[in-house]
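Peer 1: Next comes data-v4.txt, compact mmCIF, C-alpha atoms and all ligand atoms:
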```txt
# COMPACT_ATOMS: atom_id res chain seq x y z
CA MET A 13 31.42 -18.81 -2.84
CA LEU A 14 34.68 -16.86 -2.81
CA VAL A 15 36.90 -19.36 -4.51
CA GLN A 16 36.63 -18.07 -8.08
CA GLN A 17 37.39 -14.53 -6.88
CA LEU A 18 40.58 -15.66 -5.18
CA LEU A 19 41.99 -18.19 -7.65
CA PRO A 20 42.21 -18.42 -11.46
CA ALA A 21 38.82 -19.65 -12.72
CA ASP A 22 40.54 -22.22 -14.92
CA LEU A 23 42.76 -23.71 -12.17
CA PHE A 24 41.19 -27.17 -12.59
CA ARG A 25 40.20 -26.87 -16.26
CA ASN A 26 40.46 -30.24 -18.05
CA GLN A 27 40.87 -31.98 -14.69
CA THR A 28 38.37 -34.48 -13.30
CA VAL A 29 37.27 -34.55 -9.66
CA PHE A 30 35.22 -37.49 -8.37
CA VAL A 31 33.33 -36.97 -5.09
CA THR A 32 31.74 -39.94 -3.28
CA GLY A 33 28.64 -38.86 -1.37
CA GLY A 34 28.67 -35.75 -3.58
CA GLY A 35 24.88 -35.42 -3.84
CA SER A 36 24.49 -33.31 -0.71
CA GLY A 37 25.97 -31.30 2.14
CA ILE A 38 29.69 -30.84 2.60
CA ASN A 39 30.62 -33.12 -0.28
CA LEU A 40 28.38 -31.24 -2.72
CA GLY A 41 29.95 -28.01 -1.43
CA VAL A 42 33.38 -29.46 -2.22
CA ALA A 43 32.21 -30.50 -5.71
CA LYS A 44 30.88 -26.96 -6.32
CA ASN A 45 34.19 -25.35 -5.38
CA PHE A 46 36.02 -27.51 -7.93
CA ALA A 47 33.33 -26.83 -10.56
CA ALA A 48 33.75 -23.10 -9.92
CA LEU A 49 37.41 -23.47 -10.87
CA GLY A 50 36.66 -25.23 -14.15
CA ALA A 51 36.87 -28.94 -13.23
CA HIS A 52 34.81 -31.73 -14.72
CA VAL A 53 32.97 -33.17 -11.71
CA ALA A 54 31.57 -36.65 -11.04
CA ILE A 55 29.44 -37.44 -8.01
CA CYS A 56 28.05 -40.69 -6.62
CA GLY A 57 25.65 -41.69 -3.87
CA ARG A 58 22.82 -44.16 -3.41
CA THR A 59 19.97 -41.92 -4.58
CA GLN A 60 19.82 -41.06 -8.29
CA GLU A 61 17.19 -38.27 -7.88
CA LYS A 62 19.36 -36.53 -5.28
CA LEU A 63 22.37 -36.80 -7.59
CA ASP A 64 20.39 -35.46 -10.55
CA ALA A 65 19.31 -32.41 -8.52
CA ALA A 66 22.91 -31.83 -7.42
CA ALA A 67 24.09 -32.18 -11.03
CA VAL A 68 21.74 -29.37 -12.07
CA GLU A 69 23.35 -27.12 -9.44
CA LEU A 70 26.85 -28.15 -10.55
CA ARG A 71 26.11 -27.53 -14.24
CA ALA A 72 24.70 -24.08 -13.36
CA ILE A 73 28.14 -23.12 -12.03
CA GLY A 74 29.57 -23.93 -15.49
CA ALA A 75 32.85 -22.15 -14.87
CA ALA A 76 34.77 -23.49 -17.87
CA PRO A 77 33.49 -23.90 -21.41
CA GLY A 78 32.92 -27.61 -21.97
CA ALA A 79 33.14 -28.49 -18.25
CA LYS A 80 31.05 -31.61 -17.71
CA VAL A 81 29.18 -33.25 -14.85
CA CYS A 82 28.52 -36.97 -14.35
CA ALA A 83 26.04 -38.14 -11.67
CA VAL A 84 26.05 -41.88 -11.16
CA ALA A 85 24.38 -43.96 -8.44
CA ALA A 86 26.71 -46.31 -6.56
CA ASP A 87 26.84 -47.57 -2.99
CA VAL A 88 30.45 -47.27 -1.77
CA ARG A 89 30.03 -50.60 0.06
CA ASP A 90 29.72 -52.28 -3.33
CA ALA A 91 33.22 -52.24 -4.87
CA ALA A 92 31.98 -53.47 -8.26
CA ALA A 93 29.34 -50.72 -8.47
CA LEU A 94 31.96 -48.14 -7.55
CA ASP A 95 34.38 -49.49 -10.17
CA ALA A 96 31.59 -49.17 -12.77
CA ALA A 97 30.96 -45.57 -11.67
CA PHE A 98 34.68 -44.76 -11.97
CA ALA A 99 34.78 -46.34 -15.45
CA ARG A 100 31.79 -44.27 -16.55
CA SER A 101 33.34 -41.11 -15.15
CA GLN A 102 36.57 -41.85 -17.03
CA ASP A 103 34.64 -42.43 -20.29
CA GLU A 104 32.66 -39.22 -19.96
CA LEU A 105 35.13 -36.87 -18.23
CA GLY A 106 38.59 -38.34 -18.71
CA PRO A 107 40.90 -39.84 -16.06
CA MET A 108 40.45 -38.73 -12.49
CA ASN A 109 42.84 -36.16 -11.01
CA VAL A 110 41.22 -35.91 -7.58
CA LEU A 111 39.21 -38.41 -5.55
CA VAL A 112 37.25 -36.92 -2.65
CA SER A 113 36.02 -39.74 -0.39
CA GLY A 114 33.17 -38.21 1.59
CA ALA A 115 30.34 -40.77 1.66
CA ALA A 116 29.38 -41.47 5.26
CA GLY A 117 26.63 -42.51 7.61
CA ASN A 118 26.10 -41.32 11.16
CA PHE A 119 23.68 -41.47 14.06
CA LEU A 120 23.95 -41.04 17.81
CA ALA A 121 23.91 -44.33 19.68
CA PRO A 122 24.99 -45.36 23.20
CA ALA A 123 27.64 -48.06 22.69
CA GLU A 124 25.86 -50.55 24.95
CA LYS A 125 22.71 -50.30 22.80
CA LEU A 126 24.42 -50.28 19.41
CA SER A 127 24.05 -53.61 17.61
CA SER A 128 27.03 -55.26 15.99
CA ASN A 129 25.42 -54.59 12.62
CA GLY A 130 24.86 -50.92 13.51
CA PHE A 131 28.59 -50.54 14.31
CA LYS A 132 29.53 -52.51 11.18
CA THR A 133 27.26 -50.45 8.93
CA VAL A 134 29.18 -47.26 9.67
CA ILE A 135 32.53 -49.05 9.34
CA ASP A 136 31.34 -50.46 6.00
CA ILE A 137 30.22 -47.11 4.58
CA ASP A 138 32.93 -44.81 5.94
CA LEU A 139 36.06 -46.95 6.20
CA ILE A 140 35.60 -49.85 3.79
CA GLY A 141 33.82 -47.48 1.38
CA SER A 142 36.91 -45.23 1.49
CA PHE A 143 39.16 -48.22 0.81
CA ASN A 144 36.94 -49.37 -2.08
CA ALA A 145 37.01 -45.88 -3.54
CA SER A 146 40.80 -45.48 -3.14
CA ARG A 147 41.59 -48.86 -4.63
CA GLY A 148 39.11 -48.38 -7.48
CA ALA A 149 40.50 -44.93 -8.29
CA PHE A 150 44.16 -45.95 -8.10
CA ALA A 151 44.77 -46.71 -11.78
CA GLN A 152 43.34 -43.36 -12.88
CA LEU A 153 45.18 -41.43 -10.15
CA GLN A 154 48.44 -43.18 -11.03
CA GLN A 155 47.95 -42.09 -14.64
CA THR A 156 47.35 -38.43 -13.69
CA ARG A 157 49.68 -38.33 -10.64
CA GLY A 158 46.56 -37.16 -8.86
CA CYS A 159 45.50 -36.94 -5.23
CA LEU A 160 43.13 -38.38 -2.65
CA ILE A 161 41.22 -36.29 -0.14
CA TYR A 162 39.28 -38.00 2.66
CA ILE A 163 36.53 -36.25 4.61
CA SER A 164 37.29 -37.33 8.18
CA ALA A 165 35.85 -35.95 11.45
CA GLY A 166 37.00 -34.75 14.86
CA MET A 167 35.80 -38.05 16.35
CA ALA A 168 38.85 -39.65 14.70
CA TYR A 169 41.17 -38.23 17.37
CA MET A 170 38.93 -36.64 20.02
CA PRO A 171 36.38 -38.99 21.62
CA HIS A 172 32.74 -37.92 21.35
CA ALA A 173 30.05 -39.69 23.38
CA PHE A 174 27.65 -41.95 21.43
CA GLN A 175 30.00 -41.95 18.46
CA ALA A 176 32.06 -45.13 19.09
CA HIS A 177 31.25 -46.42 15.60
CA VAL A 178 32.10 -43.13 13.88
CA GLY A 179 35.28 -42.55 15.89
CA ALA A 180 36.55 -46.01 14.96
CA ALA A 181 35.62 -45.55 11.28
CA LYS A 182 37.13 -42.07 10.88
CA ALA A 183 40.33 -42.96 12.80
CA GLY A 184 40.63 -45.88 10.39
CA ILE A 185 40.21 -43.54 7.43
CA ASP A 186 43.01 -41.27 8.65
CA MET A 187 45.36 -44.24 9.06
CA LEU A 188 44.35 -45.62 5.64
CA MET A 189 45.20 -42.19 4.24
CA LYS A 190 48.66 -42.24 5.87
CA ASN A 191 49.35 -45.77 4.60
CA LEU A 192 48.42 -44.80 1.05
CA ALA A 193 50.48 -41.60 1.28
CA ILE A 194 53.50 -43.84 1.93
CA GLU A 195 52.67 -46.55 -0.62
CA TRP A 196 51.49 -44.36 -3.49
CA GLY A 197 53.94 -41.50 -3.04
CA ARG A 198 56.25 -43.31 -5.45
CA TYR A 199 53.63 -42.78 -8.18
CA GLY A 200 53.34 -39.09 -7.37
CA VAL A 201 49.94 -39.69 -5.78
CA ARG A 202 49.27 -37.62 -2.64
CA ALA A 203 46.74 -38.41 0.12
CA ASN A 204 45.38 -36.11 2.82
CA SER A 205 42.34 -35.88 5.11
CA ILE A 206 40.18 -32.92 6.04
CA VAL A 207 38.53 -32.76 9.45
CA PRO A 208 35.55 -30.41 9.22
CA GLY A 209 34.29 -28.74 12.40
CA PRO A 210 30.56 -28.25 12.92
CA ILE A 211 29.24 -27.24 9.49
CA GLU A 212 26.07 -25.14 9.28
CA GLY A 213 23.03 -26.51 7.47
CA THR A 214 24.25 -30.10 7.07
CA GLU A 215 22.68 -33.49 7.75
CA GLY A 216 25.56 -34.39 10.03
CA LEU A 217 25.03 -31.37 12.27
CA LYS A 218 21.26 -32.00 12.33
CA ARG A 219 21.80 -35.58 13.48
CA LEU A 220 24.47 -34.90 16.08
CA ALA A 221 24.21 -31.42 17.54
CA ASN A 222 21.41 -30.53 19.92
CA PRO A 223 19.80 -27.26 18.70
CA THR A 224 19.31 -26.20 22.35
CA VAL A 225 23.09 -25.99 22.86
CA LYS A 226 23.82 -24.45 19.44
CA ASP A 227 24.52 -20.96 20.83
CA SER A 228 26.88 -22.35 23.47
CA LEU A 229 28.55 -24.51 20.83
CA VAL A 230 29.14 -21.48 18.62
CA GLN A 231 30.47 -19.45 21.55
CA ALA A 232 32.85 -22.29 22.42
CA VAL A 233 34.40 -22.28 18.92
CA PRO A 234 37.44 -19.97 19.13
CA LEU A 235 36.42 -18.26 15.85
CA ARG A 236 32.83 -17.88 17.23
CA ARG A 237 31.01 -19.26 14.20
CA MET A 238 29.92 -22.53 12.65
CA GLY A 239 31.81 -23.60 9.54
CA THR A 240 30.35 -23.50 6.03
CA VAL A 241 30.52 -26.05 3.24
CA ASP A 242 32.70 -23.55 1.38
CA ASP A 243 35.24 -23.58 4.23
CA ILE A 244 35.69 -27.28 3.52
CA GLY A 245 35.50 -26.84 -0.27
CA GLN A 246 38.28 -24.25 -0.15
CA THR A 247 40.45 -26.52 1.99
CA ALA A 248 39.96 -29.32 -0.56
CA VAL A 249 40.83 -26.96 -3.42
CA PHE A 250 44.03 -25.98 -1.63
CA LEU A 251 45.01 -29.62 -1.02
CA ALA A 252 44.42 -30.51 -4.69
CA SER A 253 46.18 -27.42 -6.03
CA PRO A 254 49.86 -27.00 -6.94
CA LEU A 255 50.16 -24.94 -3.71
CA ALA A 256 50.02 -28.26 -1.81
CA SER A 257 52.27 -30.27 -4.13
CA TYR A 258 54.62 -31.29 -1.26
CA ILE A 259 51.84 -32.00 1.24
CA THR A 260 50.89 -35.63 1.76
CA GLY A 261 49.89 -37.81 4.71
CA CYS A 262 48.34 -34.88 6.62
CA VAL A 263 45.16 -34.50 8.60
CA VAL A 264 44.09 -30.91 7.95
CA VAL A 265 41.69 -29.63 10.61
CA CYS A 266 39.29 -26.94 9.38
CA ASP A 267 37.14 -26.27 12.45
CA GLY A 268 37.63 -22.69 13.63
CA GLY A 269 39.70 -24.13 16.50
CA GLN A 270 36.79 -26.19 17.89
CA ASN A 271 39.00 -29.20 18.68
CA LEU A 272 40.98 -27.07 21.15
CA VAL A 273 38.02 -26.90 23.54
CA GLY A 274 37.03 -30.58 23.46
CA SER A 275 33.75 -32.43 23.06
CA ALA A 276 32.11 -31.87 26.47
CA LEU A 277 29.38 -29.47 25.28
CA PHE A 278 28.56 -31.71 22.34
CA ASN A 279 28.41 -34.75 24.66
CA ARG A 280 25.94 -33.08 27.03
CA GLY A 281 23.68 -31.97 24.15
CA ALA A 282 23.81 -35.40 22.54
CA GLU A 283 22.83 -37.08 25.82
CA GLN A 284 19.81 -34.77 26.07
CA MET A 285 18.82 -35.61 22.47
CA LEU A 286 19.02 -39.35 23.17
CA HIS A 287 17.00 -38.94 26.40
CA ALA A 288 14.33 -36.99 24.54
CA ALA A 289 14.18 -39.78 21.94
CA GLY A 290 13.97 -42.41 24.71
CA ALA A 291 17.25 -43.91 23.49
CA ALA A 292 19.51 -43.25 26.50
N1 LIG B 1 20.64 -46.00 16.40
C1 LIG B 1 21.10 -47.27 16.58
N2 LIG B 1 21.26 -48.15 15.55
C2 LIG B 1 20.92 -47.72 14.32
C3 LIG B 1 20.44 -46.43 14.07
C4 LIG B 1 20.30 -45.54 15.18
N3 LIG B 1 19.84 -44.29 15.04
N4 LIG B 1 20.20 -46.31 12.74
C5 LIG B 1 20.52 -47.48 12.18
N5 LIG B 1 20.96 -48.33 13.13
C6 LIG B 1 21.33 -49.73 12.95
C7 LIG B 1 20.13 -50.54 12.48
O1 LIG B 1 19.29 -50.91 13.57
C8 LIG B 1 20.80 -51.73 11.80
O2 LIG B 1 21.27 -52.66 12.74
P1 LIG B 1 20.43 -54.05 13.06
O3 LIG B 1 20.39 -54.80 11.76
O4 LIG B 1 21.22 -54.71 14.12
O5 LIG B 1 19.06 -53.60 13.50
C9 LIG B 1 22.04 -51.09 11.18
O6 LIG B 1 22.27 -49.86 11.89
C10 LIG B 1 21.87 -50.80 9.69
O7 LIG B 1 20.71 -50.00 9.53
P2 LIG B 1 20.07 -49.73 8.08
O8 LIG B 1 18.96 -48.76 8.26
O9 LIG B 1 19.77 -51.04 7.43
O10 LIG B 1 21.32 -49.11 7.32
P3 LIG B 1 21.39 -48.41 5.91
O11 LIG B 1 22.57 -48.96 5.25
O12 LIG B 1 20.07 -48.42 5.21
O13 LIG B 1 21.63 -46.84 6.32
C11 LIG B 1 22.61 -45.41 8.01
C12 LIG B 1 22.84 -46.41 6.87
C13 LIG B 1 22.02 -46.16 9.20
C14 LIG B 1 23.98 -44.87 8.41
C15 LIG B 1 21.62 -44.26 7.64
O14 LIG B 1 21.49 -43.39 8.72
C16 LIG B 1 22.07 -43.49 6.40
O15 LIG B 1 21.76 -43.88 5.29
N6 LIG B 1 22.84 -42.34 6.58
C17 LIG B 1 23.34 -41.53 5.45
C18 LIG B 1 23.22 -40.03 5.74
C19 LIG B 1 23.98 -39.60 6.97
O16 LIG B 1 24.13 -40.34 7.94
N7 LIG B 1 24.47 -38.33 6.93
C20 LIG B 1 25.30 -37.79 7.97
C21 LIG B 1 26.73 -38.00 7.62
S1 LIG B 1 27.74 -37.29 8.89
P1 LIG B 2 25.30 -35.77 4.09
O1 LIG B 2 24.74 -34.62 3.32
O2 LIG B 2 24.32 -36.79 4.60
O3 LIG B 2 26.45 -36.46 3.24
C1 LIG B 2 26.67 -37.84 3.19
C2 LIG B 2 26.53 -38.26 1.73
O4 LIG B 2 26.97 -39.61 1.61
C3 LIG B 2 25.08 -38.21 1.24
O5 LIG B 2 25.03 -37.52 0.00
C4 LIG B 2 24.70 -39.67 1.07
O6 LIG B 2 23.81 -39.83 -0.04
C5 LIG B 2 26.04 -40.33 0.81
N1 LIG B 2 26.08 -41.72 1.23
C6 LIG B 2 25.70 -42.25 2.42
N2 LIG B 2 25.86 -43.57 2.43
C7 LIG B 2 26.37 -43.89 1.20
C8 LIG B 2 26.76 -45.10 0.61
N3 LIG B 2 26.66 -46.26 1.27
N4 LIG B 2 27.26 -45.07 -0.66
C9 LIG B 2 27.37 -43.90 -1.35
N5 LIG B 2 27.01 -42.72 -0.82
C10 LIG B 2 26.51 -42.71 0.45
O7 LIG B 2 26.07 -35.27 5.40
P2 LIG B 2 27.20 -34.16 5.71
O8 LIG B 2 26.94 -33.73 7.10
O9 LIG B 2 27.32 -33.16 4.63
O10 LIG B 2 28.53 -35.09 5.77
C11 LIG B 2 29.46 -35.15 4.70
C12 LIG B 2 30.81 -35.64 5.19
O11 LIG B 2 31.35 -34.71 6.15
C13 LIG B 2 30.78 -36.99 5.92
O12 LIG B 2 31.95 -37.71 5.58
C14 LIG B 2 30.80 -36.60 7.37
O13 LIG B 2 31.29 -37.64 8.20
C15 LIG B 2 31.72 -35.41 7.33
N6 LIG B 2 31.61 -34.48 8.48
C16 LIG B 2 30.49 -33.72 8.62
C17 LIG B 2 30.43 -32.77 9.64
C18 LIG B 2 29.23 -31.86 9.78
O14 LIG B 2 29.25 -30.92 10.58
N7 LIG B 2 28.19 -32.05 9.02
C19 LIG B 2 31.50 -32.64 10.53
C20 LIG B 2 32.62 -33.48 10.39
C21 LIG B 2 32.67 -34.37 9.33
P3 LIG B 2 22.74 -41.05 -0.13
O15 LIG B 2 22.12 -41.16 1.25
O16 LIG B 2 21.80 -40.62 -1.21
O17 LIG B 2 23.55 -42.25 -0.50
```
Let me see the structure of the file written as structure tokens.
Ligand code: COA
Ligand code: NAP
Peer 2:
Amino acid sequence: MLVQQLLPADLFRNQTVFVTGGGSGINLGVAKNFAALGAHVAICGRTQEKLDAAAVELRAIGAAPGAKVCAVAADVRDAAALDAAFARSQDELGPMNVLVSGAAGNFLAPAEKLSSNGFKTVIDIDLIGSFNASRGAFAQLQQTRGCLIYISAGMAYMPHAFQAHVGAAKAGIDMLMKNLAIEWGRYGVRANSIVPGPIEGTEGLKRLANPTVKDSLVQAVPLRRMGTVDDIGQTAVFLASPLASYITGCVVVCDGGQNLVGSALFNRGAEQMLHAAGAA
């Protein structure tokens, strides 16, 4: 992690960052980058043991004296559970300065075989979960003149095969973000999205990218490498920092230029994966 070598280690001291889906992967990487710069960090997800393990890692970073971590189970589809998690975070860590909405579900599925409930499940977690989180966090963010950061995906604006549910959900998140940037700007609350490219070592990449086309995928990325969770963490830190104080309503793409070459390679690999699983 480079972030504490590049920025003052107390940049987010006495600030609270809440990350939905923060128990693993990209979202945990984002939480770690804020912890490394002194923030109090709260994470939620559905699995308490996973959150507890992540909290140990976050506490080990311990960048600022007295920096605290709160790990609380909540399903983002359950607005009341999320509200309770936000209240507990406020009690333990103080009012939220940054909400990172990253909880998501994903799987490859041919549209004609995807059930209505399968489509709805991803909409419920990604899009309605992001609305629940934004609405639940509003009072605290209004108080701190804080910011919202959504973890979107390339499927939001570039169609990927077997991702109809995810494309619809993430496009919805980006438009929700733009609506809130307009409505909540008057309170000094900013809202932006990050679109990660293919991120090494994550559940999302494991589920979606065929390992047999990995080398070709990497070669197709203009910067010739997969992204890291720290690439996304550093983008989130920038968006939450005073450097971005006039940036709101933006979709920030952090993908090594991958979007410039389209989704064709991914689509071919995904079709092979579904064939191998007998699902296409
Ligand atoms: N292909 C097609 N449909 C699928 C599916 C798949 N691989 N996996 C789940 N579904 C469908 C189910 O069949 C069900 O629909 P049905 O009632 O019509 O049968 C619906 O989706 C809900 O499934 P369920 O397992 O009850 O959902 P859940 O709420 O327990 O889990 C998921 C949500 C499905 C998104 C699960 O994969 C998950 O928990 N993901 C979190 C981690 C993750 O996806 N990480 C990557 C983020 S990029
Ligand atoms: P991940 O580790 O599986 O992250 C998803 C997290 O969300 C998990 O910790 C999961 O924990 C939590 N979650 C899922 N459903 C939830 C629910 N209903 N309520 C609360 N929490 C829930 O996968 P990842 O690949 O790092 O993905 C993280 C984010 O990056 C996602 O928004 C994804 O769409 C985005 N993204 C990833 C990539 C990539 O290359 N990996 C690329 C573009 C965008 P529990 O299961 O314990 O609840």
Peer 1: Go through A:Ala86, A:Asn26, A:Gly37, A:Arg157 one by one, measure the shortest atom-to-atom distance of each to Gly106 (chain A) using all atoms listed in the file, and give the residue with the smallest value.
Peer 2: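 Among A:Ala86, A:Asn26, A:Gly37, A:Arg157, it is A:Asn26 that comes nearest to Gly106 (chain A).
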Peer 1: Rounded to one decimal in Å, what is the spacing between atom P3 of ligand LIG 1 (chain B) and CA of Val178 (chain A)?
Peer 2: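 So the answer is 14.4 Å.
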Peer 1: Which residues form the shell of 8 Å around ligand LIG 1 (chain B) when you count all atoms listed in the file, given as a list in words?
Peer 2: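 Sorted by chain and then by number, the residues are Ala115, Ala116, Gly117, Asn118, Phe119, Leu120, Ala121, Pro122, Lys125, Leu126, Ser127, Ser128, Asn129, Gly130, Phe131, Lys132, Thr133, Val134, Ile137, Thr214, Glu215, Gly216, Leu217 and Arg219 of chain A.
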Peer 1: With distances taken over only C-alpha atoms and all ligand atoms, which of A:Ala288, A:Val249, A:Val241, A:Ala75 is nearest to ligand LIG 2 (chain B)?
Peer 2: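 So, comparing all the options, the nearest one is A:Val241.
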Peer 1: Find the nearest atom pair between each residue of chain A and ligand LIG 2 (chain B) for residues within 8 Å, count all atoms listed in the file, give distances in Å to one decimal, sort rows by chain and ascending number, and present the table as a tab-separated table.
Peer 2:
```
residue	atom	partner	partner_atom	distance
A:Thr32	CA	B:LIG2	N5	6.0
A:Gly33	CA	B:LIG2	O4	3.5
A:Gly34	CA	B:LIG2	O5	5.4
A:Gly35	CA	B:LIG2	O5	4.4
A:Ser36	CA	B:LIG2	O1	4.2
A:Gly37	CA	B:LIG2	O9	3.4
A:Ile38	CA	B:LIG2	O9	3.9
A:Asn39	CA	B:LIG2	C11	5.5
A:Leu40	CA	B:LIG2	O5	7.6
A:Cys56	CA	B:LIG2	C9	6.2
A:Gly57	CA	B:LIG2	N5	3.5
A:Arg58	CA	B:LIG2	O17	3.6
A:Thr59	CA	B:LIG2	O16	4.0
A:Gln60	CA	B:LIG2	O16	7.4
A:Lys62	CA	B:LIG2	O16	6.3
A:Leu63	CA	B:LIG2	O16	7.5
A:Ala85	CA	B:LIG2	C9	7.7
A:Ala86	CA	B:LIG2	C9	5.8
A:Asp87	CA	B:LIG2	N4	3.4
A:Val88	CA	B:LIG2	N4	4.0
A:Arg89	CA	B:LIG2	N3	5.6
A:Ser113	CA	B:LIG2	O12	7.5
A:Gly114	CA	B:LIG2	O12	4.2
A:Ala115	CA	B:LIG2	O4	3.6
A:Ala116	CA	B:LIG2	O12	4.6
A:Gly117	CA	B:LIG2	C6	5.3
A:Asn118	CA	B:LIG2	O13	7.0
A:Asp136	CA	B:LIG2	N3	7.9
A:Ile137	CA	B:LIG2	N3	4.9
A:Asp138	CA	B:LIG2	O12	7.2
A:Gly141	CA	B:LIG2	N3	7.3
A:Tyr162	CA	B:LIG2	O12	7.9
A:Ile163	CA	B:LIG2	O12	4.9
A:Ser164	CA	B:LIG2	C21	5.6
A:Ala165	CA	B:LIG2	C21	4.1
A:Gly166	CA	B:LIG2	C20	6.4
A:Val178	CA	B:LIG2	O13	7.9
A:Lys182	CA	B:LIG2	O13	7.8
A:Val207	CA	B:LIG2	C20	6.0
A:Pro208	CA	B:LIG2	C20	4.4
A:Gly209	CA	B:LIG2	C19	5.1
A:Pro210	CA	B:LIG2	O14	3.8
A:Ile211	CA	B:LIG2	O14	3.8
A:Glu212	CA	B:LIG2	O14	6.7
A:Gly213	CA	B:LIG2	N7	7.7
A:Thr214	CA	B:LIG2	O8	4.5
A:Glu215	CA	B:LIG2	O8	4.3
A:Gly216	CA	B:LIG2	O8	3.3
A:Leu217	CA	B:LIG2	O14	4.6
A:Lys218	CA	B:LIG2	N7	7.7
A:Gly239	CA	B:LIG2	O14	7.8
A:Val241	CA	B:LIG2	O9	7.9
```
Peer 1: Grab the CA of Ile73 (chain A) to CA of Pro254 (chain A) distance for me, in Å with one decimal place.
Peer 2: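 Distance reported for this atom pair: 22.6 Å.
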Peer 1: Hey, what's within 9 Å of Arg202 (chain A) if we count only C-alpha atoms and toss same-chain stuff fewer than 6 positions away? As a short mmCIF file (atom, residue, chain, number, x, y, z; two decimals) with C-alpha atoms, in the frame of the given file, please?
Peer 2:
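This went into out-v4.cif:
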```
data_model
loop_
_atom_site.label_atom_id
_atom_site.label_comp_id
_atom_site.auth_asym_id
_atom_site.auth_seq_id
_atom_site.Cartn_x
_atom_site.Cartn_y
_atom_site.Cartn_z
CA ARG A 157 49.68 -38.33 -10.64
CA GLY A 158 46.56 -37.16 -8.86
CA CYS A 159 45.50 -36.94 -5.23
CA LEU A 160 43.13 -38.38 -2.65
CA ILE A 161 41.22 -36.29 -0.14
CA LEU A 192 48.42 -44.80 1.05
CA ALA A 193 50.48 -41.60 1.28
CA ILE A 194 53.50 -43.84 1.93
CA TRP A 196 51.49 -44.36 -3.49
CA ALA A 252 44.42 -30.51 -4.69
CA SER A 257 52.27 -30.27 -4.13
CA TYR A 258 54.62 -31.29 -1.26
CA ILE A 259 51.84 -32.00 1.24
CA THR A 260 50.89 -35.63 1.76
CA GLY A 261 49.89 -37.81 4.71
#
```
Peer 1: For Ala47 (chain A), find every residue with an atom within 12 Å (counting only C-alpha atoms), except residues of its own chain fewer than 2 positions away, and show them as a ChimeraX atom specification.
Peer 2: /A:13,15-16,21-31,40-45,49-55,66-82,245-246,249
Peer 1: One number please: CA of Asn222 (chain A) to CA of Ile135 (chain A), in Å, one decimal.
Peer 2: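 Between CA of Asn222 (chain A) and CA of Ile135 (chain A) the gap is 24.1 Å.
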Peer 1: Where atoms are missing, can you supply N, CA, C and O atoms for region 64-73 of chain A and output the lot as a short mmCIF file (atom, residue, chain, number, x, y, z; two decimals), in the frame of the given file?
Peer 2:
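For reference, out20.cif as written:
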```cif
data_model
loop_
_atom_site.label_atom_id
_atom_site.label_comp_id
_atom_site.auth_asym_id
_atom_site.auth_seq_id
_atom_site.Cartn_x
_atom_site.Cartn_y
_atom_site.Cartn_z
N ASP A 64 20.83 -36.24 -9.38
CA ASP A 64 20.39 -35.46 -10.55
C ASP A 64 20.16 -34.00 -10.16
O ASP A 64 20.54 -33.08 -10.91
N ALA A 65 19.55 -33.79 -8.98
CA ALA A 65 19.31 -32.41 -8.52
C ALA A 65 20.64 -31.70 -8.27
O ALA A 65 20.83 -30.52 -8.64
N ALA A 66 21.58 -32.43 -7.68
CA ALA A 66 22.91 -31.83 -7.42
C ALA A 66 23.62 -31.52 -8.74
O ALA A 66 24.30 -30.48 -8.86
N ALA A 67 23.43 -32.40 -9.73
CA ALA A 67 24.09 -32.18 -11.03
C ALA A 67 23.58 -30.91 -11.69
O ALA A 67 24.36 -30.17 -12.34
N VAL A 68 22.29 -30.61 -11.51
CA VAL A 68 21.74 -29.37 -12.07
C VAL A 68 22.46 -28.17 -11.45
O VAL A 68 22.88 -27.23 -12.15
N GLU A 69 22.65 -28.23 -10.12
CA GLU A 69 23.35 -27.12 -9.44
C GLU A 69 24.80 -27.02 -9.93
O GLU A 69 25.32 -25.93 -10.13
N LEU A 70 25.44 -28.16 -10.12
CA LEU A 70 26.85 -28.15 -10.55
C LEU A 70 26.98 -27.61 -11.97
O LEU A 70 27.89 -26.82 -12.26
N ARG A 71 26.04 -28.01 -12.84
CA ARG A 71 26.11 -27.53 -14.24
C ARG A 71 25.88 -26.03 -14.28
O ARG A 71 26.46 -25.33 -15.12
N ALA A 72 25.02 -25.52 -13.37
CA ALA A 72 24.70 -24.08 -13.36
C ALA A 72 25.95 -23.26 -13.06
O ALA A 72 26.06 -22.11 -13.48
N ILE A 73 26.90 -23.86 -12.35
CA ILE A 73 28.14 -23.12 -12.03
C ILE A 73 28.96 -22.92 -13.29
O ILE A 73 29.53 -21.84 -13.49
#
```
